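Content type CSV, C-alpha atoms and all ligand atoms, from the file entry26.csv:
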chain,number,residue,atom,x,y,z
Z,26,MET,CA,0.0,0.0,0.0
Z,27,ASP,CA,1.2,3.5,-0.7
Z,28,HIS,CA,2.3,5.7,2.2
Z,29,PRO,CA,0.3,8.8,3.0
Z,30,VAL,CA,3.4,10.9,2.3
Z,31,GLU,CA,6.5,9.9,0.5
Z,32,ALA,CA,9.0,12.6,-0.6
Z,33,ARG,CA,12.3,11.8,-2.2
Z,34,GLY,CA,15.2,14.2,-2.7
Z,35,LEU,CA,13.0,17.3,-2.4
Z,36,VAL,CA,15.0,20.5,-3.2
Z,37,LYS,CA,13.7,24.0,-3.5
Z,38,ARG,CA,16.0,26.8,-4.5
Z,39,TYR,CA,15.2,30.5,-4.6
Z,40,GLY,CA,18.2,32.0,-6.3
Z,41,ASP,CA,21.2,31.4,-4.1
Z,42,ILE,CA,19.0,30.3,-1.2
Z,43,ILE,CA,18.4,26.6,-0.7
Z,44,ALA,CA,15.2,26.6,1.2
Z,45,VAL,CA,14.8,22.8,1.2
Z,46,ASP,CA,17.9,20.6,0.6
Z,47,HIS,CA,17.4,17.0,-0.4
Z,48,VAL,CA,14.6,16.1,2.0
Z,49,ASP,CA,13.4,12.5,2.2
Z,50,LEU,CA,10.2,11.9,4.2
Z,51,THR,CA,8.0,8.9,4.7
Z,52,VAL,CA,4.9,9.3,6.8
Z,53,ARG,CA,3.1,6.0,7.4
Z,54,ALA,CA,-0.6,5.5,7.9
Z,55,GLY,CA,-1.5,6.3,11.5
Z,56,ASP,CA,1.6,8.4,12.1
Z,57,VAL,CA,1.4,11.6,14.0
Z,58,TYR,CA,4.5,12.9,12.4
Z,59,GLY,CA,6.4,16.0,13.5
Z,60,TYR,CA,8.3,18.2,11.1
Z,61,LEU,CA,10.4,20.1,13.6
Z,62,GLY,CA,12.7,23.0,12.9
Z,63,PRO,CA,13.5,26.6,13.7
Z,64,ASN,CA,12.3,29.7,11.8
Z,65,GLY,CA,13.5,29.6,8.2
Z,66,ALA,CA,14.3,25.8,8.3
Z,67,GLY,CA,12.1,25.2,5.3
Z,68,LYS,CA,9.0,23.7,6.9
Z,69,THR,CA,6.5,25.8,5.1
Z,70,THR,CA,8.3,25.4,1.8
Z,71,SER,CA,8.4,21.6,2.2
Z,72,LEU,CA,4.7,21.4,3.0
Z,73,ARG,CA,3.9,23.6,0.0
Z,74,MET,CA,5.7,21.2,-2.2
Z,75,LEU,CA,3.9,18.2,-0.7
Z,76,LEU,CA,0.6,19.9,-1.4
Z,77,GLY,CA,1.6,20.7,-4.9
Z,78,LEU,CA,1.4,24.5,-4.3
Z,79,ILE,CA,4.9,25.1,-5.6
Z,80,ARG,CA,7.1,23.0,-7.9
Z,81,PRO,CA,10.2,21.4,-6.4
Z,82,THR,CA,13.5,22.3,-8.0
Z,83,GLU,CA,14.4,18.7,-7.8
Z,84,GLY,CA,12.9,15.5,-6.4
Z,85,SER,CA,9.3,14.4,-6.0
Z,86,ALA,CA,6.5,14.1,-3.5
Z,87,ARG,CA,3.7,11.6,-3.4
Z,88,LEU,CA,0.6,11.5,-1.3
Z,89,PHE,CA,-0.9,8.1,-1.2
Z,90,GLY,CA,1.2,7.3,-4.3
Z,91,ARG,CA,0.0,10.3,-6.3
Z,92,ASP,CA,2.2,13.2,-7.3
Z,93,PRO,CA,0.2,16.4,-7.0
Z,94,LEU,CA,2.3,18.0,-9.8
Z,95,LEU,CA,1.4,15.3,-12.2
Z,96,GLU,CA,-2.2,14.5,-11.0
Z,97,GLY,CA,-3.3,17.9,-9.8
Z,98,ALA,CA,-6.3,18.0,-7.5
Z,99,ARG,CA,-6.9,14.3,-7.8
Z,100,ALA,CA,-3.7,13.7,-5.8
Z,101,LEU,CA,-5.2,15.6,-3.0
Z,102,ASP,CA,-8.1,13.2,-2.6
Z,103,GLY,CA,-8.3,12.3,1.1
Z,104,VAL,CA,-5.8,15.1,2.0
Z,105,GLY,CA,-6.7,18.2,4.0
Z,106,GLY,CA,-4.6,21.0,5.5
Z,107,PHE,CA,-3.2,24.4,5.2
Z,108,VAL,CA,0.2,26.2,5.2
Z,109,GLU,CA,0.9,29.3,7.3
Z,110,ALA,CA,-2.4,30.8,8.3
Z,111,PRO,CA,-5.7,29.6,6.8
Z,112,ARG,CA,-7.4,32.3,4.7
Z,113,PHE,CA,-11.0,33.2,4.8
Z,114,TYR,CA,-13.4,35.9,3.6
Z,115,PRO,CA,-13.4,38.1,6.7
Z,116,TYR,CA,-16.8,39.8,6.0
Z,117,LEU,CA,-18.5,36.4,5.8
Z,118,SER,CA,-19.5,34.2,8.7
Z,119,GLY,CA,-17.5,31.1,9.6
Z,120,ARG,CA,-20.3,28.9,8.4
Z,121,THR,CA,-20.6,30.7,5.1
Z,122,ASN,CA,-16.9,30.4,4.6
Z,123,LEU,CA,-17.2,26.6,5.2
Z,124,GLU,CA,-20.2,26.5,2.8
Z,125,LEU,CA,-18.0,28.0,0.1
Z,126,CYS,CA,-15.2,25.5,0.8
Z,127,ALA,CA,-17.8,22.6,0.8
Z,128,ALA,CA,-19.2,23.8,-2.5
Z,129,TYR,CA,-15.7,23.5,-4.0
Z,130,ASP,CA,-14.9,20.2,-2.3
Z,131,GLY,CA,-18.3,18.6,-3.2
Z,132,ASP,CA,-18.5,14.9,-2.3
Z,133,GLY,CA,-20.8,15.3,0.7
Z,134,ALA,CA,-18.7,18.1,2.3
Z,135,ALA,CA,-21.7,20.3,2.8
Z,136,GLU,CA,-23.4,17.7,5.0
Z,137,ARG,CA,-20.3,17.7,7.3
Z,138,ILE,CA,-20.4,21.4,8.2
Z,139,ASP,CA,-22.2,21.0,11.5
Z,140,GLU,CA,-20.1,18.0,12.4
Z,141,VAL,CA,-16.7,19.8,11.7
Z,142,LEU,CA,-17.9,22.9,13.6
Z,143,ASP,CA,-18.6,20.7,16.6
Z,144,VAL,CA,-15.2,19.0,16.2
Z,145,VAL,CA,-13.4,22.4,16.5
Z,146,ALA,CA,-15.8,23.8,19.0
Z,147,LEU,CA,-17.0,26.7,16.8
Z,148,ARG,CA,-20.7,25.8,16.4
Z,149,ASP,CA,-22.0,28.6,18.6
Z,150,ARG,CA,-19.8,31.2,16.8
Z,151,ALA,CA,-20.4,29.9,13.3
Z,152,LYS,CA,-22.8,32.7,12.4
Z,153,ASP,CA,-20.3,35.5,13.4
Z,154,LYS,CA,-18.1,37.2,10.8
Z,155,VAL,CA,-14.6,35.8,10.6
Z,156,SER,CA,-13.2,39.3,11.0
Z,157,GLY,CA,-14.4,39.1,14.6
Z,158,TYR,CA,-12.6,35.8,15.2
Z,159,SER,CA,-9.6,35.5,17.4
Z,160,HIS,CA,-6.4,34.0,16.0
Z,161,GLY,CA,-7.2,30.7,17.7
Z,162,MET,CA,-10.7,30.6,16.3
Z,163,ARG,CA,-9.3,31.2,12.8
Z,164,GLN,CA,-6.8,28.4,13.2
Z,165,ARG,CA,-9.7,26.1,14.3
Z,166,LEU,CA,-11.8,27.2,11.4
Z,167,GLY,CA,-8.9,26.3,9.2
Z,168,ILE,CA,-8.9,22.8,10.6
Z,169,ALA,CA,-12.7,22.7,10.2
Z,170,GLY,CA,-12.2,23.6,6.5
Z,171,ALA,CA,-9.6,20.8,6.1
Z,172,LEU,CA,-11.9,18.3,7.8
Z,173,LEU,CA,-14.8,19.0,5.4
Z,174,ARG,CA,-12.9,16.8,2.9
Z,175,ALA,CA,-13.0,13.9,5.4
Z,176,PRO,CA,-9.3,13.5,5.0
Z,177,ARG,CA,-7.2,10.5,5.7
Z,178,LEU,CA,-4.2,12.7,5.9
Z,179,LEU,CA,-4.0,16.1,7.5
Z,180,LEU,CA,-1.1,18.5,6.8
Z,181,LEU,CA,-0.8,21.3,9.3
Z,182,ASP,CA,1.8,24.0,9.3
Z,183,GLU,CA,2.5,25.2,12.8
Z,184,PRO,CA,-1.2,24.9,13.9
Z,185,ALA,CA,-0.6,26.0,17.5
Z,186,THR,CA,1.9,28.8,16.8
Z,187,GLY,CA,0.6,32.2,18.1
Z,188,LEU,CA,-2.0,30.6,20.3
Z,189,ASP,CA,-2.1,31.3,24.1
Z,190,PRO,CA,-1.3,28.4,26.4
Z,191,ALA,CA,-5.0,27.3,26.7
Z,192,GLY,CA,-5.4,27.6,22.9
Z,193,MET,CA,-2.3,25.5,22.4
Z,194,ARG,CA,-3.5,22.9,24.8
Z,195,ASP,CA,-6.9,22.8,23.0
Z,196,MET,CA,-5.3,22.6,19.6
Z,197,ARG,CA,-3.1,19.7,20.7
Z,198,ALA,CA,-6.1,17.9,22.2
Z,199,LEU,CA,-8.0,18.4,19.0
Z,200,ILE,CA,-5.1,16.9,16.9
Z,201,ARG,CA,-4.8,14.1,19.4
Z,202,ARG,CA,-8.5,13.3,19.0
Z,203,LEU,CA,-8.2,13.3,15.2
Z,204,ALA,CA,-5.2,11.0,15.3
Z,205,ASP,CA,-6.9,8.7,17.8
Z,206,GLY,CA,-9.8,8.5,15.3
Z,207,GLY,CA,-7.3,7.1,12.8
Z,208,MET,CA,-6.3,10.1,10.8
Z,209,THR,CA,-2.7,10.4,9.7
Z,210,VAL,CA,-1.2,13.8,10.7
Z,211,LEU,CA,1.9,15.6,9.5
Z,212,LEU,CA,2.4,18.8,11.4
Z,213,SER,CA,5.3,21.3,11.5
Z,214,SER,CA,6.4,23.0,14.6
Z,215,HIS,CA,9.3,24.9,16.1
Z,216,LEU,CA,8.5,23.7,19.6
Z,217,LEU,CA,10.1,20.5,20.7
Z,218,ALA,CA,7.7,20.2,23.7
Z,219,GLU,CA,4.7,20.3,21.3
Z,220,VAL,CA,6.1,17.7,19.0
Z,221,GLU,CA,7.1,15.5,22.0
Z,222,GLU,CA,3.6,15.6,23.3
Z,223,LEU,CA,1.9,14.8,20.0
Z,224,CYS,CA,4.2,12.9,17.7
Z,225,ASP,CA,5.6,9.4,17.5
Z,226,ARG,CA,8.1,10.2,14.8
Z,227,VAL,CA,9.9,13.3,13.8
Z,228,ALA,CA,12.1,14.8,11.2
Z,229,ILE,CA,14.3,17.5,12.6
Z,230,VAL,CA,15.2,20.0,9.9
Z,231,ARG,CA,17.7,22.8,10.0
Z,232,SER,CA,18.7,25.0,7.1
Z,233,GLY,CA,16.6,22.9,4.7
Z,234,ARG,CA,18.2,19.6,5.7
Z,235,VAL,CA,17.0,16.7,7.7
Z,236,ALA,CA,19.4,16.4,10.6
Z,237,TYR,CA,17.4,13.5,12.3
Z,238,GLU,CA,14.6,11.3,11.3
Z,239,GLY,CA,13.1,8.7,13.6
Z,240,SER,CA,11.5,8.4,17.0
Z,241,LEU,CA,12.1,11.1,19.6
Z,242,ALA,CA,12.5,8.5,22.2
Z,243,ASP,CA,15.5,7.0,20.3
Z,244,LEU,CA,17.0,10.4,20.0
Z,245,GLN,CA,16.7,11.2,23.7
Z,246,ARG,CA,18.3,7.9,24.5
Z,247,THR,CA,21.4,8.8,22.5
Z,248,ALA,CA,22.0,11.8,24.6
Z,249,THR,CA,23.7,12.3,27.9
Z,250,THR,CA,21.3,14.2,30.0
Z,251,SER,CA,22.0,17.4,31.9
Z,252,PHE,CA,21.2,17.3,35.6
Z,253,LEU,CA,20.4,20.1,38.1
Z,254,LEU,CA,21.6,19.4,41.6
Z,255,ARG,CA,20.6,21.3,44.7
Z,256,THR,CA,22.2,20.4,48.0
Z,257,SER,CA,22.7,21.5,51.6
Z,258,ASP,CA,26.2,22.5,50.8
Z,259,ASP,CA,26.8,23.3,47.1
Z,260,GLU,CA,30.4,24.3,47.7
Z,261,ARG,CA,31.2,20.9,49.1
Z,262,ALA,CA,29.1,19.2,46.4
Z,263,VAL,CA,31.1,20.8,43.7
Z,264,GLN,CA,34.3,19.4,45.2
Z,265,VAL,CA,32.7,15.9,45.3
Z,266,CYS,CA,31.7,16.4,41.6
Z,267,ALA,CA,35.2,17.5,40.6
Z,268,GLY,CA,37.1,15.0,38.6
Z,269,ARG,CA,34.5,12.2,39.0
Z,270,ARG,CA,34.4,9.8,36.1
Z,271,GLY,CA,31.3,10.1,33.9
Z,272,LEU,CA,30.5,13.7,34.9
Z,273,ALA,CA,31.1,16.5,32.5
Z,274,GLU,CA,30.5,20.2,32.3
Z,275,VAL,CA,30.1,20.7,36.0
Z,276,ARG,CA,29.3,24.3,36.8
Z,277,ARG,CA,27.8,26.2,39.7
Z,278,GLU,CA,24.9,28.4,38.9
Z,279,ALA,CA,22.3,30.4,40.8
Z,280,ALA,CA,19.8,27.6,40.5
Z,281,GLY,CA,22.3,25.0,41.7
Z,282,ILE,CA,25.0,22.8,40.2
Z,283,ARG,CA,24.6,21.7,36.6
Z,284,PHE,CA,26.4,18.8,35.0
Z,285,SER,CA,25.9,16.2,32.2
Z,286,ALA,CA,26.2,12.5,32.9
Z,287,GLY,CA,24.5,9.2,32.3
Z,288,ASP,CA,22.3,7.5,34.9
Z,289,GLU,CA,25.0,5.3,36.3
Z,290,ALA,CA,27.4,8.1,37.1
Z,291,THR,CA,24.6,10.2,38.5
Z,292,GLY,CA,23.6,7.4,40.8
Z,293,GLU,CA,27.2,7.0,42.0
Z,294,LEU,CA,27.4,10.7,42.6
Z,295,SER,CA,24.4,10.6,44.8
Z,296,ILE,CA,26.1,8.0,47.0
Z,297,ALA,CA,29.3,10.0,47.1
Z,298,LEU,CA,27.4,13.1,48.2
Z,299,VAL,CA,25.7,11.3,51.0
Z,300,GLU,CA,29.0,9.8,52.1
Z,301,ALA,CA,30.4,13.3,52.2
Z,302,ARG,CA,27.4,14.3,54.4
Z,303,VAL,CA,26.0,16.6,51.7
Z,304,ALA,CA,22.2,16.3,51.7
Z,305,ILE,CA,20.5,16.2,48.3
Z,306,TYR,CA,17.5,18.6,48.0
Z,307,ALA,CA,17.0,18.0,44.3
Z,308,LEU,CA,18.7,16.0,41.6
Z,309,ALA,CA,16.7,16.4,38.5
Z,310,PRO,CA,17.3,15.5,34.8
Z,311,GLU,CA,16.7,18.5,32.5
Z,312,ARG,CA,14.9,18.0,29.3
Z,313,ALA,CA,16.8,18.8,26.2
Z,314,THR,CA,15.6,21.9,24.5
Z,315,LEU,CA,15.1,22.1,20.7
Z,316,GLU,CA,18.3,24.1,20.7
Z,317,ASP,CA,20.2,21.4,22.5
Z,318,LEU,CA,19.0,18.8,20.1
Z,319,PHE,CA,20.0,20.9,17.2
Z,320,PHE,CA,23.5,21.4,18.6
Z,321,ARG,CA,23.8,17.8,19.4
Z,322,LEU,CA,22.7,16.8,15.9
Z,323,THR,CA,24.7,19.3,14.1
Z,324,GLU,CA,27.6,19.3,16.5
Z,325,GLY,CA,30.8,20.0,14.7
Z,326,GLU,CA,29.0,21.5,11.8
Z,327,GLU,CA,29.5,24.9,10.3
Z,328,ALA,CA,25.9,26.2,10.8
Z,329,GLY,CA,24.5,28.8,8.5
Z,330,GLU,CA,23.1,31.9,10.1
Z,331,GLY,CA,19.5,32.9,10.0
Z,332,GLY,CA,17.6,30.4,7.9
Z,333,ALA,CA,18.5,28.7,4.7
Z,334,SER,CA,22.1,27.9,4.2
Z,335,THR,CA,24.2,26.3,1.6
Z,336,THR,CA,27.0,25.3,4.1
Z,337,ALA,CA,25.3,23.2,6.7
Z,338,ALA,CA,26.7,19.8,6.9
Z,339,ARG,CA,24.7,16.6,7.5
Z,340,ALA,CA,24.7,15.4,11.1
Z,341,GLY,CA,27.8,13.4,11.8
Z,342,GLU,CA,29.8,14.7,8.9
Z,343,GLY,CA,32.2,16.6,11.2
Z,344,GLY,CA,33.5,20.1,11.1
Z,345,ALA,CA,33.3,22.7,13.8
Z,346,SER,CA,30.3,24.6,15.0
Z,347,THR,CA,30.5,28.2,16.1
Z,348,THR,CA,27.2,29.7,15.2
Z,349,ALA,CA,24.4,29.7,17.7
Z,350,ALA,CA,20.8,29.0,16.7
Z,351,ARG,CA,18.8,32.2,16.7
Z,352,ALA,CA,17.5,33.0,20.2
Z,353,ASP,CA,13.9,32.8,19.1
Z,354,ASP,CA,14.3,29.2,18.1
Z,355,ALA,CA,14.3,28.2,21.7
Z,356,ALA,CA,11.7,30.7,23.0
Z,357,PRO,CA,9.5,29.0,25.6
Z,358,GLU,CA,6.5,30.9,24.5
Z,359,PRO,CA,5.2,30.8,20.9
Z,360,VAL,CA,6.1,33.7,18.8
Z,361,ALA,CA,3.7,35.2,16.4
Z,362,GLU,CA,3.6,33.7,12.9
Z,363,PRO,CA,5.5,36.1,10.6
Z,364,ALA,CA,3.3,37.6,7.9
F,401,LIG,N1,9.0,32.6,-2.2
F,401,LIG,C1,10.2,32.7,-1.7
F,401,LIG,N2,11.2,33.4,-2.2
F,401,LIG,C2,12.4,33.5,-1.7
F,401,LIG,N3,12.8,32.8,-0.6
F,401,LIG,C3,11.9,32.1,0.0
F,401,LIG,C4,10.6,31.9,-0.5
F,401,LIG,N4,9.9,31.1,0.3
F,401,LIG,C5,10.8,30.7,1.3
F,401,LIG,N5,12.0,31.3,1.1
F,401,LIG,C6,13.2,31.1,1.9
F,401,LIG,O1,13.3,29.8,2.2
F,401,LIG,C7,13.7,29.6,3.6
F,401,LIG,C8,12.8,28.6,4.3
F,401,LIG,O2,11.5,29.3,4.5
F,401,LIG,P1,10.2,28.6,5.1
F,401,LIG,O3,9.1,29.6,5.1
F,401,LIG,O4,10.0,27.3,4.4
F,401,LIG,O5,10.7,28.3,6.6
F,401,LIG,P2,9.9,27.8,7.8
F,401,LIG,O6,10.6,26.6,8.4
F,401,LIG,O7,8.5,27.6,7.4
F,401,LIG,O8,10.0,29.0,8.8
F,401,LIG,P3,9.0,29.6,9.9
F,401,LIG,O9,9.2,28.8,11.1
F,401,LIG,O10,9.5,31.0,10.1
F,401,LIG,O11,7.6,29.6,9.3
F,401,LIG,C9,13.9,30.9,4.2
F,401,LIG,O12,15.2,31.3,4.1
F,401,LIG,C10,13.0,31.8,3.3
F,401,LIG,O13,13.4,33.1,3.2
F,402,MG,MG,6.7,28.4,8.1
As structure tokens, the full file:
Amino acid sequence: MDHPVEARGLVKRYGDIIAVDHVDLTVRAGDVYGYLGPNGAGKTTSLRMLLGLIRPTEGSARLFGRDPLLEGARALDGVGGFVEAPRFYPYLSGRTNLELCAAYDGDGAAERIDEVLDVVALRDRAKDKVSGYSHGMRQRLGIAGALLRAPRLLLLDEPATGLDPAGMRDMRALIRRLADGGMTVLLSSHLLAEVEELCDRVAIVRSGRVAYEGSLADLQRTATTSFLLRTSDDERAVQVCAGRRGLAEVRREAAGIRFSAGDEATGELSIALVEARVAIYALAPERATLEDLFFRLTEGEEAGEGGASTTAARAGEGGASTTAARADDAAPEPVAEPA
């Protein structure tokens, strides 16, 4: 059977900029697949190529075995979604906008309007003009529009970006429900936590290239974790840490002592601390941030600054990294979707 998404060697160039650089992607039926990368990594451009909205410079994309460039709208049978922000007629109501979409989609879409309004919890606001909708309501209306097609595959470009924490939680819950109902979902995001919560498999992209593809759990396992230690006597604790085998990057900070180590070395440290009569108040593993993962994956690479790059090396190819990811890549709060 054909996979919902199969992209091979996708490249998109804009002049000197390589927005997408030889991306291979396979999304299997039932996957909730995360396409994770910082601003400018090429997420939207990739999704546009998958949907046949723009032509790849090289490579090909197939949805359920059909190439949208060769087969046009037919290739999008069973596929719903949107890139960047969904667009609607602002002076028409949510319902009227959906009616227009349904008229275009045909195939029983009009009969699904009430149902999809319920799914995205917009039934009671459906008669209001879209111009009066909040950002979160528009995103949800976008998903409602995609659901009219009763898709087997949903492609969503940063669906939760720009939403407040409650809106993000609701959006994730909605995607989770759709996935539990058997829908295959490919969503892009720049938030690791979001992808961790929703997705089983990920592609991590940077500067147009896939730096990692596989399960997040496998990726986390390859990493030594960073720990935060708080004790009754941090000064003494630092001495205990100093020079211990298996501990690296020991440093004292306002929050406590940070170090990286595996589980075994951390266990041994806890015993050594107690033997030194240092009480442990907290010894907590810290979750890798998206930035950490990028650094780890691209460690040793000469990273391009600010978006698409022609110099980024594939993970593991060596080289020396000096360039930091942009600060907004790791922002804990969502940043507004750029226009
Ligand atoms: N139409 C275009 N013309 C020129 N350059 C483009 C065009 N579309 C995208 N790019 C460039 O391609 C790169 C990838 O852009 P893209 O929008 O795909 O990134 P993204 O991962 O979706 O970023 P964001 O998280 O900010 O949405 C950027 O450097 C961008 O400037
Ligand atoms: Mg984008």
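If you look at CA of Gly133 in chain Z and CA of Met208 in chain Z, they are 18.4 Å away from each other.
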Could you list the protein, DNA and RNA residues that have any atom within 6 Å of ligand LIG 401 (chain F), counting all atoms listed in the file, and write them as JSON, numbers by chain? {"Z": [39, 44, 63, 64, 65, 66, 67, 68, 69, 70, 332, 333]}
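In this structure, CA of Ala279 in chain Z sits 19.5 Å away from CA of Leu298 in chain Z.
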Step by step, measure atom-to-atom distances between ligand MG 402 (chain F) and each residue using all atoms listed in the file, keep those at most 12 Å, then write them as a PyMOL selection string. chain Z and resi 44+60-73+107-110+181-184+186+212-215+233+332+360-364
Any chance you can output those residues with C-alpha atoms as a short mmCIF file (atom, residue, chain, number, x, y, z; two decimals), in the coordinates of the input?
data_model
loop_
_atom_site.label_atom_id
_atom_site.label_comp_id
_atom_site.auth_asym_id
_atom_site.auth_seq_id
_atom_site.Cartn_x
_atom_site.Cartn_y
_atom_site.Cartn_z
CA ALA Z 44 15.20 26.60 1.20
CA TYR Z 60 8.30 18.20 11.10
CA LEU Z 61 10.40 20.10 13.60
CA GLY Z 62 12.70 23.00 12.90
CA PRO Z 63 13.50 26.60 13.70
CA ASN Z 64 12.30 29.70 11.80
CA GLY Z 65 13.50 29.60 8.20
CA ALA Z 66 14.30 25.80 8.30
CA GLY Z 67 12.10 25.20 5.30
CA LYS Z 68 9.00 23.70 6.90
CA THR Z 69 6.50 25.80 5.10
CA THR Z 70 8.30 25.40 1.80
CA SER Z 71 8.40 21.60 2.20
CA LEU Z 72 4.70 21.40 3.00
CA ARG Z 73 3.90 23.60 0.00
CA PHE Z 107 -3.20 24.40 5.20
CA VAL Z 108 0.20 26.20 5.20
CA GLU Z 109 0.90 29.30 7.30
CA ALA Z 110 -2.40 30.80 8.30
CA LEU Z 181 -0.80 21.30 9.30
CA ASP Z 182 1.80 24.00 9.30
CA GLU Z 183 2.50 25.20 12.80
CA PRO Z 184 -1.20 24.90 13.90
CA THR Z 186 1.90 28.80 16.80
CA LEU Z 212 2.40 18.80 11.40
CA SER Z 213 5.30 21.30 11.50
CA SER Z 214 6.40 23.00 14.60
CA HIS Z 215 9.30 24.90 16.10
CA GLY Z 233 16.60 22.90 4.70
CA GLY Z 332 17.60 30.40 7.90
CA VAL Z 360 6.10 33.70 18.80
CA ALA Z 361 3.70 35.20 16.40
CA GLU Z 362 3.60 33.70 12.90
CA PRO Z 363 5.50 36.10 10.60
CA ALA Z 364 3.30 37.60 7.90
#
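Shortest separation to Arg202 in chain Z among Z:Val57, Z:Leu188, Z:Ala297, Z:Leu142 occurs at residue Z:Val57, atoms counted being only C-alpha atoms.
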Give, as JSON, the centre coordinates and the x, y and z edge lengths in Å to one decimal for an axis-aligned box around all listed atoms of range 215-232 of chain Z, padded by 4 Å on each side.
{"center_x": 10.3, "center_y": 17.2, "center_z": 15.4, "size_x": 24.8, "size_y": 23.6, "size_z": 24.6}
Around the point (-15.1, 26.2, 5.2), in the coordinates given by the file, pick out the residues reaching within 8 Å, counting all atoms listed in the file, and return them as JSON, numbers by chain. {"Z": [119, 120, 121, 122, 123, 124, 125, 126, 127, 138, 166, 167, 169, 170, 171, 173]}
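Distances here use only C-alpha atoms; by that measure, the residue among Z:Ala236, Z:Leu223, Z:Ala262, Z:Ala301 closest to Gly281 in chain Z is Z:Ala262.
Counting only C-alpha atoms, Gly55 in chain Z has the following residues at most 9 Å away, ignoring those fewer than 6 positions along the same chain: Leu178, Ala204, Asp205, Gly207, Met208, Thr209 and Val210 of chain Z.
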Dump as a JSON list (two decimals), in the frame of the given file, selection limited to C-alpha atoms:
[["chain", "number", "residue", "atom", "x", "y", "z"],
["Z", 178, "LEU", "CA", -4.20, 12.70, 5.90],
["Z", 204, "ALA", "CA", -5.20, 11.00, 15.30],
["Z", 205, "ASP", "CA", -6.90, 8.70, 17.80],
["Z", 207, "GLY", "CA", -7.30, 7.10, 12.80],
["Z", 208, "MET", "CA", -6.30, 10.10, 10.80],
["Z", 209, "THR", "CA", -2.70, 10.40, 9.70],
["Z", 210, "VAL", "CA", -1.20, 13.80, 10.70]]
What's around Leu179 in chain Z at 6 Å? Count only C-alpha atoms, leave out sequence neighbours fewer than 4 positions away in its own chain, and write the answer as an mmCIF file with C-alpha atoms, in the frame of the given file.
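Saved result, around29.cif, follows:
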data_model
loop_
_atom_site.group_PDB
_atom_site.id
_atom_site.type_symbol
_atom_site.label_atom_id
_atom_site.label_comp_id
_atom_site.auth_asym_id
_atom_site.auth_seq_id
_atom_site.Cartn_x
_atom_site.Cartn_y
_atom_site.Cartn_z
ATOM 1 C CA VAL Z 104 -5.800 15.100 2.000
ATOM 2 C CA GLY Z 105 -6.700 18.200 4.000
ATOM 3 C CA GLY Z 106 -4.600 21.000 5.500
ATOM 4 C CA VAL Z 210 -1.200 13.800 10.700
#
Looking at only C-alpha atoms, which of Z:Tyr306, Z:Phe320, Z:Phe284, Z:Phe89 is the one that sits closest to Asp258 in chain Z? Z:Tyr306
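Note that the spacing between CA of Tyr237 in chain Z and CA of Leu318 in chain Z amounts to 9.6 Å.
Residue nearest Leu308 in chain Z, chosen from Z:Arg194, Z:Arg177, Z:Arg283, Z:Arg163 and counting all atoms listed in the file: Z:Arg283.
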Using all atoms listed in the file, the residue out of Z:Leu35, Z:Leu117, Z:Val303, Z:Ala86 with shortest distance to Ser257 in chain Z is Z:Val303
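Of the residues under consideration (Z:Glu219, Z:Leu78, Z:Glu136, Z:Gly268), Z:Glu136 shows the shortest atom-to-atom contact distance to Arg174 in chain Z when counting only C-alpha atoms.
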